[in-house]
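A.B. asks: Enclosed is the structure file entry-v7.pdb (PDB, C-alpha atoms (C1' of nucleotides)).
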ATOM      1  CA  MET G  20      79.689  67.910  96.053
ATOM      2  CA  LYS G  21      79.861  70.729  93.536
ATOM      3  CA  ARG G  22      76.821  71.683  91.568
ATOM      4  CA  ASN G  23      76.453  73.270  88.192
ATOM      5  CA  THR G  24      73.924  76.024  88.261
ATOM      6  CA  TRP G  25      72.886  78.380  85.510
ATOM      7  CA  GLN G  26      73.982  81.234  87.753
ATOM      8  CA  ARG G  27      77.567  80.080  87.768
ATOM      9  CA  GLU G  28      77.469  79.596  84.023
ATOM     10  CA  ALA G  29      76.034  83.048  83.591
ATOM     11  CA  VAL G  30      78.856  84.616  85.572
ATOM     12  CA  ARG G  31      81.488  82.704  83.666
ATOM     13  CA  GLY G  32      79.824  83.647  80.411
ATOM     14  CA  ALA G  33      79.648  87.310  81.302
ATOM     15  CA  LEU G  34      83.272  87.229  82.265
ATOM     16  CA  ASP G  35      84.259  85.581  79.000
ATOM     17  CA  ALA G  36      82.254  88.128  77.054
ATOM     18  CA  ASN G  37      84.297  90.872  78.573
ATOM     19  CA  ASP G  38      87.692  91.814  77.294
ATOM     20  CA  GLY G  39      89.056  93.723  80.219
ATOM     21  CA  PHE G  40      88.853  93.594  83.976
ATOM     22  CA  VAL G  41      85.394  94.174  85.400
ATOM     23  CA  SER G  42      84.150  94.688  88.909
ATOM     24  CA  ALA G  43      81.730  92.314  90.560
ATOM     25  CA  GLN G  44      79.131  95.043  90.657
ATOM     26  CA  ALA G  45      79.543  95.837  86.966
ATOM     27  CA  LEU G  46      79.174  92.178  86.147
ATOM     28  CA  HIS G  47      76.040  92.003  88.259
ATOM     29  CA  SER G  48      74.591  95.007  86.449
ATOM     30  CA  ALA G  49      75.484  93.548  83.088
ATOM     31  CA  LEU G  50      73.751  90.296  83.945
ATOM     32  CA  HIS G  51      70.676  92.114  85.158
ATOM     33  CA  ALA G  52      70.672  94.126  81.948
ATOM     34  CA  THR G  53      70.305  90.903  80.008
ATOM     35  CA  GLY G  54      67.319  89.981  82.128
ATOM     36  CA  SER G  55      69.081  87.608  84.479
ATOM     37  CA  PRO G  56      67.714  87.902  88.017
ATOM     38  CA  ILE G  57      70.944  86.679  89.572
ATOM     39  CA  GLY G  58      71.748  88.004  93.018
ATOM     40  CA  LEU G  59      74.714  90.157  93.850
ATOM     41  CA  ALA G  60      75.898  87.800  96.562
ATOM     42  CA  THR G  61      75.912  84.978  94.057
ATOM     43  CA  VAL G  62      78.044  86.973  91.649
ATOM     44  CA  TYR G  63      80.578  87.545  94.400
ATOM     45  CA  ARG G  64      80.554  83.865  95.315
ATOM     46  CA  ALA G  65      80.921  82.724  91.736
ATOM     47  CA  LEU G  66      83.785  85.124  91.089
ATOM     48  CA  ALA G  67      85.586  84.046  94.228
ATOM     49  CA  ASP G  68      85.201  80.435  93.163
ATOM     50  CA  LEU G  69      86.507  81.107  89.693
ATOM     51  CA  ALA G  70      89.463  82.991  91.118
ATOM     52  CA  VAL G  71      90.299  80.160  93.491
ATOM     53  CA  LYS G  72      90.031  77.564  90.740
ATOM     54  CA  GLY G  73      92.343  79.636  88.588
ATOM     55  CA  ASP G  74      89.705  80.227  85.935
ATOM     56  CA  ALA G  75      89.764  83.928  86.559
ATOM     57  CA  ASP G  76      92.368  86.455  87.554
ATOM     58  CA  SER G  77      91.621  89.097  90.104
ATOM     59  CA  LEU G  78      93.322  92.299  91.028
ATOM     60  CA  GLN G  79      92.528  95.462  92.898
ATOM     61  CA  SER G  80      91.961  98.610  90.950
ATOM     62  CA  PRO G  81      93.815 101.684  92.176
ATOM     63  CA  GLU G  82      90.477 102.737  93.635
ATOM     64  CA  GLY G  83      90.305  99.644  95.791
ATOM     65  CA  GLU G  84      87.682  97.685  93.913
ATOM     66  CA  SER G  85      88.226  94.026  93.155
ATOM     67  CA  LEU G  86      88.318  93.417  89.432
ATOM     68  CA  TYR G  87      88.038  90.084  87.662
ATOM     69  CA  ARG G  88      88.914  88.778  84.253
ATOM     70  CA  ALA G  89      88.838  85.469  82.417
ATOM     71  CA  CYS G  90      92.392  85.035  81.270
ATOM     72  CA  SER G  91      93.557  82.963  78.358
ATOM     73  CA  THR G  92      96.094  81.060  80.347
ATOM     74  CA  ASN G  93      96.315  79.570  83.780
ATOM     75  CA  LEU G  94      99.997  80.306  83.886
ATOM     76  CA  HIS G  95     101.299  83.070  86.065
ATOM     77  CA  HIS G  96     101.346  86.344  84.160
ATOM     78  CA  HIS G  97     100.756  90.038  84.579
ATOM     79  CA  HIS G  98      98.625  92.728  83.002
ATOM     80  CA  LEU G  99      98.857  95.986  81.178
ATOM     81  CA  ILE G 100      95.584  97.759  81.723
ATOM     82  CA  CYS G 101      94.090 100.871  80.168
ATOM     83  CA  ARG G 102      92.816 102.962  83.020
ATOM     84  CA  ASN G 103      90.306 104.604  80.739
ATOM     85  CA  CYS G 104      88.626 101.833  78.764
ATOM     86  CA  GLY G 105      89.754  98.763  80.673
ATOM     87  CA  LEU G 106      91.496  97.172  77.697
ATOM     88  CA  THR G 107      93.852  94.561  79.036
ATOM     89  CA  VAL G 108      96.958  92.998  77.575
ATOM     90  CA  GLU G 109      98.473  89.944  79.165
ATOM     91  CA  ILE G 110     102.181  90.248  79.519
ATOM     92  CA  GLU G 111     104.888  87.829  80.420
ATOM     93  CA  ALA G 112     107.548  88.972  82.708
ATOM     94  CA  ASP G 113     110.225  86.389  83.240
ATOM     95  CA  ALA G 114     112.667  89.136  84.063
ATOM     96  CA  VAL G 115     110.380  90.497  86.722
ATOM     97  CA  GLU G 116     109.704  87.057  88.135
ATOM     98  CA  ARG G 117     113.404  86.489  88.551
ATOM     99  CA  TRP G 118     113.938  89.931  89.993
ATOM    100  CA  ALA G 119     111.169  89.458  92.564
ATOM    101  CA  LYS G 120     112.539  86.101  93.634
ATOM    102  CA  ASP G 121     116.086  87.424  93.856
ATOM    103  CA  VAL G 122     115.279  90.530  95.798
ATOM    104  CA  ALA G 123     113.229  88.521  98.265
ATOM    105  CA  ALA G 124     115.974  85.954  98.714
ATOM    106  CA  GLN G 125     118.624  88.623  99.157
ATOM    107  CA  ASN G 126     116.686  90.032 102.081
ATOM    108  CA  GLY G 127     115.963  86.709 103.680
ATOM    109  CA  PHE G 128     112.317  86.685 102.691
ATOM    110  CA  THR G 129     110.542  83.460 101.836
ATOM    111  CA  GLN G 130     107.188  82.651 100.282
ATOM    112  CA  ALA G 131     107.485  85.692  98.100
ATOM    113  CA  ALA G 132     104.407  86.700  96.171
ATOM    114  CA  HIS G 133     104.317  89.815  94.103
ATOM    115  CA  VAL G 134     101.884  92.316  92.756
ATOM    116  CA  VAL G 135     102.970  93.643  89.391
ATOM    117  CA  ASP G 136     100.561  95.520  87.188
ATOM    118  CA  VAL G 137     100.969  98.365  84.765
ATOM    119  CA  PHE G 138      98.220 100.927  84.299
ATOM    120  CA  GLY G 139      98.274 103.383  81.420
ATOM    121  CA  LEU G 140      96.331 104.753  78.506
ATOM    122  CA  CYS G 141      96.011 102.509  75.492
ATOM    123  CA  ALA G 142      96.773 103.846  72.019
ATOM    124  CA  ALA G 143      93.123 104.522  71.241
ATOM    125  CA  CYS G 144      92.470 106.365  74.471
ATOM    126  CA  THR G 145      95.688 108.301  74.112
ATOM    127  CA  ALA G 146      94.562 109.509  70.698
ATOM    128  CA  LYS G 147      91.137 110.374  72.008
ATOM    129  CA  ALA G 148      92.622 112.284  74.925
ATOM    130  CA  ALA G 149      94.934 114.207  72.610
ATOM    131  CA  ALA G 150      92.053 115.082  70.294
ATOM    132  CA  SER G 151      89.885 116.416  73.081
ATOM    133  CA  ALA G 152      92.711 118.338  74.702
TER     134      ALA G 152
ATOM    135  CA  MET M   4      96.796 128.928 104.156
ATOM    136  CA  LYS M   5      98.106 125.766 105.769
ATOM    137  CA  ARG M   6      98.128 125.395 109.518
ATOM    138  CA  ASN M   7     100.329 123.409 111.820
ATOM    139  CA  THR M   8      98.318 121.532 114.371
ATOM    140  CA  TRP M   9      99.463 119.107 117.009
ATOM    141  CA  GLN M  10      97.211 116.515 115.390
ATOM    142  CA  ARG M  11      99.141 116.597 112.165
ATOM    143  CA  GLU M  12     102.418 116.374 114.060
ATOM    144  CA  ALA M  13     101.100 113.450 116.044
ATOM    145  CA  VAL M  14     100.219 111.524 112.899
ATOM    146  CA  ARG M  15     103.578 112.225 111.332
ATOM    147  CA  GLY M  16     105.306 111.206 114.551
ATOM    148  CA  ALA M  17     103.377 107.973 114.827
ATOM    149  CA  LEU M  18     104.205 107.181 111.251
ATOM    150  CA  ASP M  19     107.891 107.851 111.813
ATOM    151  CA  ALA M  20     107.889 105.683 114.914
ATOM    152  CA  ASN M  21     106.674 102.790 112.850
ATOM    153  CA  ASP M  22     108.987 100.680 110.780
ATOM    154  CA  GLY M  23     106.556  99.043 108.451
ATOM    155  CA  PHE M  24     103.340  99.896 106.698
ATOM    156  CA  VAL M  25     100.408 100.606 108.989
ATOM    157  CA  SER M  26      96.746 101.127 108.344
ATOM    158  CA  ALA M  27      94.997 104.364 109.170
ATOM    159  CA  GLN M  28      92.943 102.560 111.770
ATOM    160  CA  ALA M  29      95.990 101.021 113.420
ATOM    161  CA  LEU M  30      97.604 104.426 113.566
ATOM    162  CA  HIS M  31      94.488 105.859 115.108
ATOM    163  CA  SER M  32      94.443 103.126 117.736
ATOM    164  CA  ALA M  33      98.123 103.628 118.468
ATOM    165  CA  LEU M  34      97.594 107.333 118.968
ATOM    166  CA  HIS M  35      94.647 106.734 121.237
ATOM    167  CA  ALA M  36      96.726 104.256 123.221
ATOM    168  CA  THR M  37      99.175 107.036 123.986
ATOM    169  CA  GLY M  38      96.344 109.159 125.284
ATOM    170  CA  SER M  39      95.875 111.308 122.226
ATOM    171  CA  PRO M  40      92.212 112.071 121.636
ATOM    172  CA  ILE M  41      92.705 112.557 117.919
ATOM    173  CA  GLY M  42      89.767 111.689 115.697
ATOM    174  CA  LEU M  43      89.742 108.984 113.098
ATOM    175  CA  ALA M  44      88.695 111.351 110.349
ATOM    176  CA  THR M  45      91.642 113.551 111.161
ATOM    177  CA  VAL M  46      94.051 110.641 110.880
ATOM    178  CA  TYR M  47      92.693 109.864 107.440
ATOM    179  CA  ARG M  48      93.002 113.493 106.400
ATOM    180  CA  ALA M  49      96.521 113.820 107.728
ATOM    181  CA  LEU M  50      97.625 110.636 105.995
ATOM    182  CA  ALA M  51      96.121 111.709 102.712
ATOM    183  CA  ASP M  52      97.931 115.026 103.008
ATOM    184  CA  LEU M  53     101.245 113.362 103.757
ATOM    185  CA  ALA M  54     100.796 111.015 100.844
ATOM    186  CA  VAL M  55     100.045 113.877  98.480
ATOM    187  CA  LYS M  56     103.008 115.871  99.686
ATOM    188  CA  GLY M  57     105.231 112.867  99.152
ATOM    189  CA  ASP M  58     106.118 112.569 102.824
ATOM    190  CA  ALA M  59     104.486 109.177 103.045
ATOM    191  CA  ASP M  60     104.044 106.239 100.747
ATOM    192  CA  SER M  61     100.762 104.442 100.516
ATOM    193  CA  LEU M  62      99.776 101.117  99.123
ATOM    194  CA  GLN M  63      96.893  98.725  99.365
ATOM    195  CA  SER M  64      97.318  95.549 101.323
ATOM    196  CA  PRO M  65      96.148  92.363  99.621
ATOM    197  CA  GLU M  66      93.150  92.577 101.952
ATOM    198  CA  GLY M  67      92.158  95.911 100.520
ATOM    199  CA  GLU M  68      93.197  98.208 103.341
ATOM    200  CA  SER M  69      95.190 101.339 102.641
ATOM    201  CA  LEU M  70      98.554 101.217 104.348
ATOM    202  CA  TYR M  71     100.924 104.098 104.946
ATOM    203  CA  ARG M  72     104.582 104.453 105.728
ATOM    204  CA  ALA M  73     107.102 107.255 106.172
ATOM    205  CA  CYS M  74     109.785 106.422 103.659
ATOM    206  CA  SER M  75     113.382 107.496 103.786
ATOM    207  CA  THR M  76     113.414 108.886 100.305
ATOM    208  CA  ASN M  77     111.073 110.827  98.110
ATOM    209  CA  LEU M  78     112.397 109.066  95.081
ATOM    210  CA  HIS M  79     110.324 106.468  93.332
ATOM    211  CA  HIS M  80     110.959 103.048  94.809
ATOM    212  CA  HIS M  81     109.227  99.832  95.727
ATOM    213  CA  HIS M  82     108.763  97.663  98.789
ATOM    214  CA  LEU M  83     109.422  94.216 100.085
ATOM    215  CA  ILE M  84     106.937  93.632 102.867
ATOM    216  CA  CYS M  85     106.606  90.906 105.460
ATOM    217  CA  ARG M  86     102.989  89.855 105.416
ATOM    218  CA  ASN M  87     103.248  88.673 108.974
ATOM    219  CA  CYS M  88     105.017  91.401 110.927
ATOM    220  CA  GLY M  89     104.894  94.274 108.468
ATOM    221  CA  LEU M  90     108.659  94.697 108.264
ATOM    222  CA  THR M  91     109.408  96.665 105.155
ATOM    223  CA  VAL M  92     112.499  96.934 103.021
ATOM    224  CA  GLU M  93     112.786  99.638 100.418
ATOM    225  CA  ILE M  94     114.058  98.308  97.149
ATOM    226  CA  GLU M  95     115.237  99.929  94.002
ATOM    227  CA  ALA M  96     114.180  98.435  90.771
ATOM    228  CA  ASP M  97     115.707 100.148  87.803
ATOM    229  CA  ALA M  98     115.310  96.975  85.802
ATOM    230  CA  VAL M  99     111.612  96.855  86.594
ATOM    231  CA  GLU M 100     111.170 100.537  85.825
ATOM    232  CA  ARG M 101     112.668 100.023  82.403
ATOM    233  CA  TRP M 102     110.667  96.876  81.831
ATOM    234  CA  ALA M 103     107.404  98.608  82.729
ATOM    235  CA  LYS M 104     108.139 101.513  80.442
ATOM    236  CA  ASP M 105     109.164  99.226  77.588
ATOM    237  CA  VAL M 106     106.235  96.892  77.814
ATOM    238  CA  ALA M 107     103.839  99.831  77.901
ATOM    239  CA  ALA M 108     105.480 101.463  74.902
ATOM    240  CA  GLN M 109     105.488  98.231  72.939
ATOM    241  CA  ASN M 110     101.737  98.006  73.304
ATOM    242  CA  GLY M 111     101.081 101.621  72.482
ATOM    243  CA  PHE M 112     100.274 102.590  76.038
ATOM    244  CA  THR M 113     101.159 106.011  77.396
ATOM    245  CA  GLN M 114     101.183 107.523  80.854
ATOM    246  CA  ALA M 115     102.224 104.214  82.291
ATOM    247  CA  ALA M 116     102.162 103.869  86.047
ATOM    248  CA  HIS M 117     102.917 100.632  87.757
ATOM    249  CA  VAL M 118     102.186  98.792  90.942
ATOM    250  CA  VAL M 119     105.094  96.629  91.996
ATOM    251  CA  ASP M 120     105.281  95.210  95.478
ATOM    252  CA  VAL M 121     106.638  91.990  96.876
ATOM    253  CA  PHE M 122     105.005  90.338  99.868
ATOM    254  CA  GLY M 123     106.678  87.520 101.722
ATOM    255  CA  LEU M 124     107.806  86.293 105.109
ATOM    256  CA  CYS M 125     110.887  87.937 106.538
ATOM    257  CA  ALA M 126     113.718  85.819 107.933
ATOM    258  CA  ALA M 127     112.496  86.157 111.515
ATOM    259  CA  CYS M 128     108.926  85.235 110.694
ATOM    260  CA  THR M 129     110.082  82.374 108.509
ATOM    261  CA  ALA M 130     112.049  80.967 111.447
ATOM    262  CA  LYS M 131     109.108  81.438 113.782
ATOM    263  CA  ALA M 132     106.773  79.733 111.349
ATOM    264  CA  ALA M 133     109.159  76.819 110.954
ATOM    265  CA  ALA M 134     109.507  76.462 114.718
ATOM    266  CA  SER M 135     105.777  76.378 115.309
ATOM    267  CA  ALA M 136     105.133  73.982 112.465
TER     268      ALA M 136
ATOM    269  C1'  DG P  30      97.470 141.435 123.387
ATOM    270  C1'  DG P  31      92.830 141.449 121.110
ATOM    271  C1'  DG P  32      90.154 140.758 117.101
ATOM    272  C1'  DT P  33      89.192 138.629 112.801
ATOM    273  C1'  DT P  34      89.136 135.074 109.674
ATOM    274  C1'  DA P  35      88.893 130.867 107.668
ATOM    275  C1'  DC P  36      91.312 126.454 108.076
ATOM    276  C1'  DT P  37      90.988 122.419 111.010
ATOM    277  C1'  DT P  38      88.918 119.297 114.067
ATOM    278  C1'  DG P  39      85.881 115.518 115.731
ATOM    279  C1'  DA P  40      81.612 112.843 116.351
ATOM    280  C1'  DG P  41      78.593 110.797 113.916
ATOM    281  C1'  DA P  42      76.158 110.073 109.603
ATOM    282  C1'  DA P  43      76.594 108.548 105.081
ATOM    283  C1'  DG P  44      78.613 105.952 101.347
ATOM    284  C1'  DT P  45      80.752 102.023  99.138
ATOM    285  C1'  DG P  46      82.194  97.515  98.396
ATOM    286  C1'  DT P  47      81.994  92.936 100.289
ATOM    287  C1'  DT P  48      80.508  89.174 103.220
ATOM    288  C1'  DC P  49      77.189  86.857 106.119
ATOM    289  C1'  DT P  50      72.541  84.920 107.500
ATOM    290  C1'  DC P  51      69.033  81.891 106.860
ATOM    291  C1'  DG P  52      64.855  80.131 104.903
ATOM    292  C1'  DA P  53      63.670  78.631 100.245
ATOM    293  C1'  DT P  54      65.169  76.352  96.250
ATOM    294  C1'  DC P  55      66.933  72.986  93.213
ATOM    295  C1'  DA P  56      70.784  69.882  91.164
ATOM    296  C1'  DC P  57      72.462  65.440  91.563
ATOM    297  C1'  DG P  58      72.929  60.471  92.852
ATOM    298  C1'  DT P  59      70.147  56.733  93.562
TER     299       DT P  59
ATOM    300  C1'  DA R   8      60.555  60.335  91.660
ATOM    301  C1'  DC R   9      62.895  61.201  96.073
ATOM    302  C1'  DG R  10      65.899  62.790  99.571
ATOM    303  C1'  DT R  11      69.777  65.401 100.714
ATOM    304  C1'  DG R  12      72.576  68.949 101.153
ATOM    305  C1'  DA R  13      74.834  72.399  98.243
ATOM    306  C1'  DT R  14      73.339  76.832  96.362
ATOM    307  C1'  DC R  15      70.563  80.842  95.923
ATOM    308  C1'  DG R  16      68.836  85.562  96.987
ATOM    309  C1'  DA R  17      67.279  89.541  99.723
ATOM    310  C1'  DG R  18      68.576  92.056 103.079
ATOM    311  C1'  DA R  19      71.240  92.688 107.215
ATOM    312  C1'  DA R  20      75.681  93.187 108.805
ATOM    313  C1'  DC R  21      80.473  94.680 108.316
ATOM    314  C1'  DA R  22      84.754  97.165 107.482
ATOM    315  C1'  DC R  23      86.905 100.900 105.673
ATOM    316  C1'  DT R  24      86.682 105.518 104.091
ATOM    317  C1'  DT R  25      84.697 109.989 103.238
ATOM    318  C1'  DC R  26      81.472 113.632 104.212
ATOM    319  C1'  DT R  27      78.876 117.072 107.165
ATOM    320  C1'  DC R  28      78.772 120.823 110.043
ATOM    321  C1'  DA R  29      79.099 123.133 114.379
ATOM    322  C1'  DA R  30      82.794 124.264 117.480
ATOM    323  C1'  DG R  31      87.630 125.153 118.103
ATOM    324  C1'  DT R  32      91.817 127.496 117.178
ATOM    325  C1'  DA R  33      96.236 128.863 114.498
ATOM    326  C1'  DA R  34      97.883 132.568 111.868
ATOM    327  C1'  DC R  35      97.748 137.176 110.433
ATOM    328  C1'  DC R  36      96.893 142.171 111.236
ATOM    329  C1'  DC R  37      96.671 146.011 114.042
TER     330       DC R  37
END
For this file, write the structure as structure tokens.

C.D. replies:
Amino acid sequence: MKRNTWQREAVRGALDANDGFVSAQALHSALHATGSPIGLATVYRALADLAVKGDADSLQSPEGESLYRACSTNLHHHHLICRNCGLTVEIEADAVERWAKDVAAQNGFTQAAHVVDVFGLCAACTAKAAASA
Amino acid sequence: MKRNTWQREAVRGALDANDGFVSAQALHSALHATGSPIGLATVYRALADLAVKGDADSLQSPEGESLYRACSTNLHHHHLICRNCGLTVEIEADAVERWAKDVAAQNGFTQAAHVVDVFGLCAACTAKAAASA
DNA sequence: GGGTTACTTGAGAAGTGTTCTCGATCACGT
DNA sequence: ACGTGATCGAGAACACTTCTCAAGTAACCC
């Protein structure tokens, strides 16, 4: 049996309200800030569930934190992420998909999964950085 | 000033002796197994140094551990990694490099870095898995 | 070689992010 | 409304990594 609890809804809502990738801890803080007494463990559980169900994407930041995001599609895709403000653009990468599959096959590898993410500075943050430099 | 200590040599040697990516902890255990009384903190420090100097590549496993490997080239390249035995193949990916740069530029992103790694089962492990299934 | 200096080491403490434990709680089917 | 078992939450437990600091020692100078 699978229950619907306000906690799960709250996590999903907080995720939807966020444009970029957020860490579990950030999400927990955000929820607390709105007065929700949800527990940290529950946030982790809810995020893991969402990720498994395909309702959320997860990736590891370069710093090793797990970040989550509610993506607009369940289809396989990748991300272009601003390392300053977290702005995220979903990108398709048929070429990369093919390349990953080919290179795996050429080396006798099976069950190939791939990690492909691009981190950079978005236009706004680039401008800001230039102005302050 | 930068000193040469047997500890640093030991870490570099252990890394060279290993074909695939290894975790700092695994390297520490391996060194201890050979009788070396090197400390864990020192292994971490040595690995970080090697990574900075470009003598080792580092990446994060899907489980969140930091893995290190002595690569045959200092040039930018990517990896095809067996998630079972750790066997690693260095792969070039000019097409992916271009794609990453293009997609970043198209979205106004600058200072684009990318994470591109392919995890799979190597031929040997695929055969083993099939045999045991 | 002996002395000096300051980089390096190592054991353990501390820090960080995540998962687990377990009694209390509460959603859901009846 | 009731019973059941999934879910919650606080804190403990964990795993990995980094920090602290006294002791050790490589490199330089003479």

A.B. asks: Name every residue that the PyMOL selection byres ((chain M) within 7 of (chain G)) selects in this structure, writing the answer as an NGL selection string with chains first and numbers rising.

C.D. replies: :M and (67 or 99 or 103 or 111-126 or 129)

A.B. asks: Please report as a ChimeraX atom specification which residues of chain G come no farther than 9 Å from chain R, using all atoms listed in the file.

C.D. replies: /G:20-22,24,26,57-61

A.B. asks: Given all atoms listed in the file, how would the per-residue table for chain P near chain G read, listing every residue at most 12 Å away with its closest atom pair and distance in Å to one decimal, sorted by chain and number, as CSV?

C.D. replies:
residue,atom,partner,partner_atom,distance
P:DT45,C1',G:Glu84,CA,9.7
P:DG46,C1',G:Glu84,CA,7.1
P:DT47,C1',G:Tyr63,CA,8.1
P:DT48,C1',G:Ala60,CA,8.2
P:DC49,C1',G:Ala60,CA,9.7
P:DT50,C1',G:Ala60,CA,11.8
P:DT54,C1',G:Thr24,CA,11.9
P:DC55,C1',G:Thr24,CA,9.1
P:DA56,C1',G:Arg22,CA,6.3
P:DC57,C1',G:Arg22,CA,7.6
P:DG58,C1',G:Met20,CA,10.5

A.B. asks: Could you write out chain G as a short mmCIF file (atom, residue, chain, number, x, y, z; two decimals) with C-alpha atoms, keeping the file's coordinate frame once it has been least-squares superposed on chain M using every ordered C-alpha pair?

C.D. replies:
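Result file is part_25.cif:
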data_model
loop_
_atom_site.label_atom_id
_atom_site.label_comp_id
_atom_site.auth_asym_id
_atom_site.auth_seq_id
_atom_site.Cartn_x
_atom_site.Cartn_y
_atom_site.Cartn_z
CA MET G 20 96.87 128.87 103.97
CA LYS G 21 98.20 125.71 105.59
CA ARG G 22 98.20 125.36 109.32
CA ASN G 23 100.39 123.37 111.62
CA THR G 24 98.36 121.55 114.18
CA TRP G 25 99.49 119.15 116.85
CA GLN G 26 97.22 116.56 115.26
CA ARG G 27 99.17 116.58 112.04
CA GLU G 28 102.42 116.38 113.95
CA ALA G 29 101.09 113.50 115.96
CA VAL G 30 100.21 111.55 112.84
CA ARG G 31 103.58 112.21 111.27
CA GLY G 32 105.28 111.23 114.49
CA ALA G 33 103.34 108.01 114.80
CA LEU G 34 104.18 107.19 111.24
CA ASP G 35 107.87 107.85 111.80
CA ALA G 36 107.83 105.70 114.91
CA ASN G 37 106.63 102.80 112.87
CA ASP G 38 108.94 100.68 110.82
CA GLY G 39 106.51 99.01 108.50
CA PHE G 40 103.30 99.87 106.73
CA VAL G 41 100.38 100.62 109.02
CA SER G 42 96.72 101.14 108.36
CA ALA G 43 94.97 104.38 109.16
CA GLN G 44 92.89 102.61 111.76
CA ALA G 45 95.93 101.08 113.43
CA LEU G 46 97.57 104.47 113.54
CA HIS G 47 94.44 105.94 115.08
CA SER G 48 94.40 103.23 117.73
CA ALA G 49 98.07 103.72 118.45
CA LEU G 50 97.56 107.44 118.92
CA HIS G 51 94.61 106.87 121.20
CA ALA G 52 96.69 104.40 123.18
CA THR G 53 99.14 107.18 123.94
CA GLY G 54 96.30 109.31 125.22
CA SER G 55 95.84 111.44 122.14
CA PRO G 56 92.16 112.21 121.53
CA ILE G 57 92.68 112.69 117.81
CA GLY G 58 89.74 111.83 115.59
CA LEU G 59 89.71 109.08 113.03
CA ALA G 60 88.68 111.43 110.25
CA THR G 61 91.65 113.62 111.04
CA VAL G 62 94.02 110.68 110.81
CA TYR G 63 92.68 109.89 107.37
CA ARG G 64 93.02 113.52 106.30
CA ALA G 65 96.54 113.83 107.63
CA LEU G 66 97.63 110.61 105.95
CA ALA G 67 96.13 111.66 102.64
CA ASP G 68 97.95 114.96 102.91
CA LEU G 69 101.25 113.32 103.69
CA ALA G 70 100.80 110.93 100.79
CA VAL G 71 100.05 113.77 98.39
CA LYS G 72 103.03 115.78 99.59
CA GLY G 73 105.24 112.76 99.09
CA ASP G 74 106.11 112.51 102.77
CA ALA G 75 104.49 109.14 103.02
CA ASP G 76 104.05 106.17 100.74
CA SER G 77 100.77 104.38 100.51
CA LEU G 78 99.78 101.04 99.14
CA GLN G 79 96.89 98.65 99.39
CA SER G 80 97.31 95.51 101.39
CA PRO G 81 96.18 92.31 99.71
CA GLU G 82 93.13 92.57 101.96
CA GLY G 83 92.18 95.91 100.49
CA GLU G 84 93.18 98.19 103.33
CA SER G 85 95.18 101.32 102.64
CA LEU G 86 98.53 101.19 104.36
CA TYR G 87 100.91 104.08 104.94
CA ARG G 88 104.57 104.42 105.73
CA ALA G 89 107.08 107.21 106.17
CA CYS G 90 109.77 106.36 103.69
CA SER G 91 113.37 107.43 103.85
CA THR G 92 113.42 108.82 100.37
CA ASN G 93 111.09 110.78 98.18
CA LEU G 94 112.42 109.01 95.15
CA HIS G 95 110.33 106.43 93.40
CA HIS G 96 110.96 103.00 94.88
CA HIS G 97 109.22 99.79 95.79
CA HIS G 98 108.77 97.61 98.84
CA LEU G 99 109.41 94.16 100.12
CA ILE G 100 106.95 93.56 102.90
CA CYS G 101 106.64 90.81 105.48
CA ARG G 102 103.03 89.74 105.45
CA ASN G 103 103.32 88.53 109.01
CA CYS G 104 105.07 91.27 110.97
CA GLY G 105 104.91 94.16 108.52
CA LEU G 106 108.68 94.60 108.31
CA THR G 107 109.40 96.59 105.20
CA VAL G 108 112.50 96.87 103.06
CA GLU G 109 112.77 99.57 100.46
CA ILE G 110 114.05 98.25 97.21
CA GLU G 111 115.24 99.88 94.06
CA ALA G 112 114.16 98.43 90.84
CA ASP G 113 115.70 100.16 87.88
CA ALA G 114 115.27 97.01 85.86
CA VAL G 115 111.59 96.89 86.66
CA GLU G 116 111.15 100.57 85.93
CA ARG G 117 112.63 100.08 82.50
CA TRP G 118 110.61 96.96 81.89
CA ALA G 119 107.35 98.69 82.83
CA LYS G 120 108.09 101.63 80.57
CA ASP G 121 109.09 99.38 77.68
CA VAL G 122 106.15 97.05 77.89
CA ALA G 123 103.77 99.99 78.03
CA ALA G 124 105.41 101.67 75.05
CA GLN G 125 105.41 98.46 73.04
CA ASN G 126 101.66 98.24 73.42
CA GLY G 127 101.00 101.86 72.65
CA PHE G 128 100.20 102.79 76.23
CA THR G 129 101.11 106.18 77.62
CA GLN G 130 101.16 107.66 81.10
CA ALA G 131 102.20 104.32 82.48
CA ALA G 132 102.13 103.94 86.23
CA HIS G 133 102.88 100.67 87.88
CA VAL G 134 102.16 98.80 91.04
CA VAL G 135 105.07 96.62 92.07
CA ASP G 136 105.27 95.18 95.54
CA VAL G 137 106.62 91.95 96.91
CA PHE G 138 105.00 90.28 99.90
CA GLY G 139 106.70 87.44 101.73
CA LEU G 140 107.86 86.20 105.09
CA CYS G 141 110.93 87.85 106.52
CA ALA G 142 113.78 85.74 107.88
CA ALA G 143 112.59 86.05 111.47
CA CYS G 144 109.03 85.10 110.68
CA THR G 145 110.18 82.27 108.47
CA ALA G 146 112.18 80.85 111.37
CA LYS G 147 109.28 81.29 113.73
CA ALA G 148 106.91 79.59 111.31
CA ALA G 149 109.31 76.68 110.87
CA ALA G 150 109.70 76.30 114.63
CA SER G 151 105.97 76.19 115.26
CA ALA G 152 105.29 73.85 112.37
#

A.B. asks: Quick one: distance from atom CA of G:Ala67 to atom CA of G:Ala36 in Å, one decimal?

C.D. replies: 18.0 Å

A.B. asks: I need the output of the PyMOL selection byres ((chain M and resi 22) around 10) for this file as a list in words; which residues are they?

C.D. replies: Leu18, Asp19, Ala20, Asn21, Gly23, Phe24, Val25, Arg72, Ala73, Cys74, Gly89, Leu90, Thr91 and Val92 of chain M

A.B. asks: Between atom CA of M:Ser39 and atom CA of M:Thr76, what is the spacing in Å?

C.D. replies: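 Those two atoms sit 28.2 Å apart.
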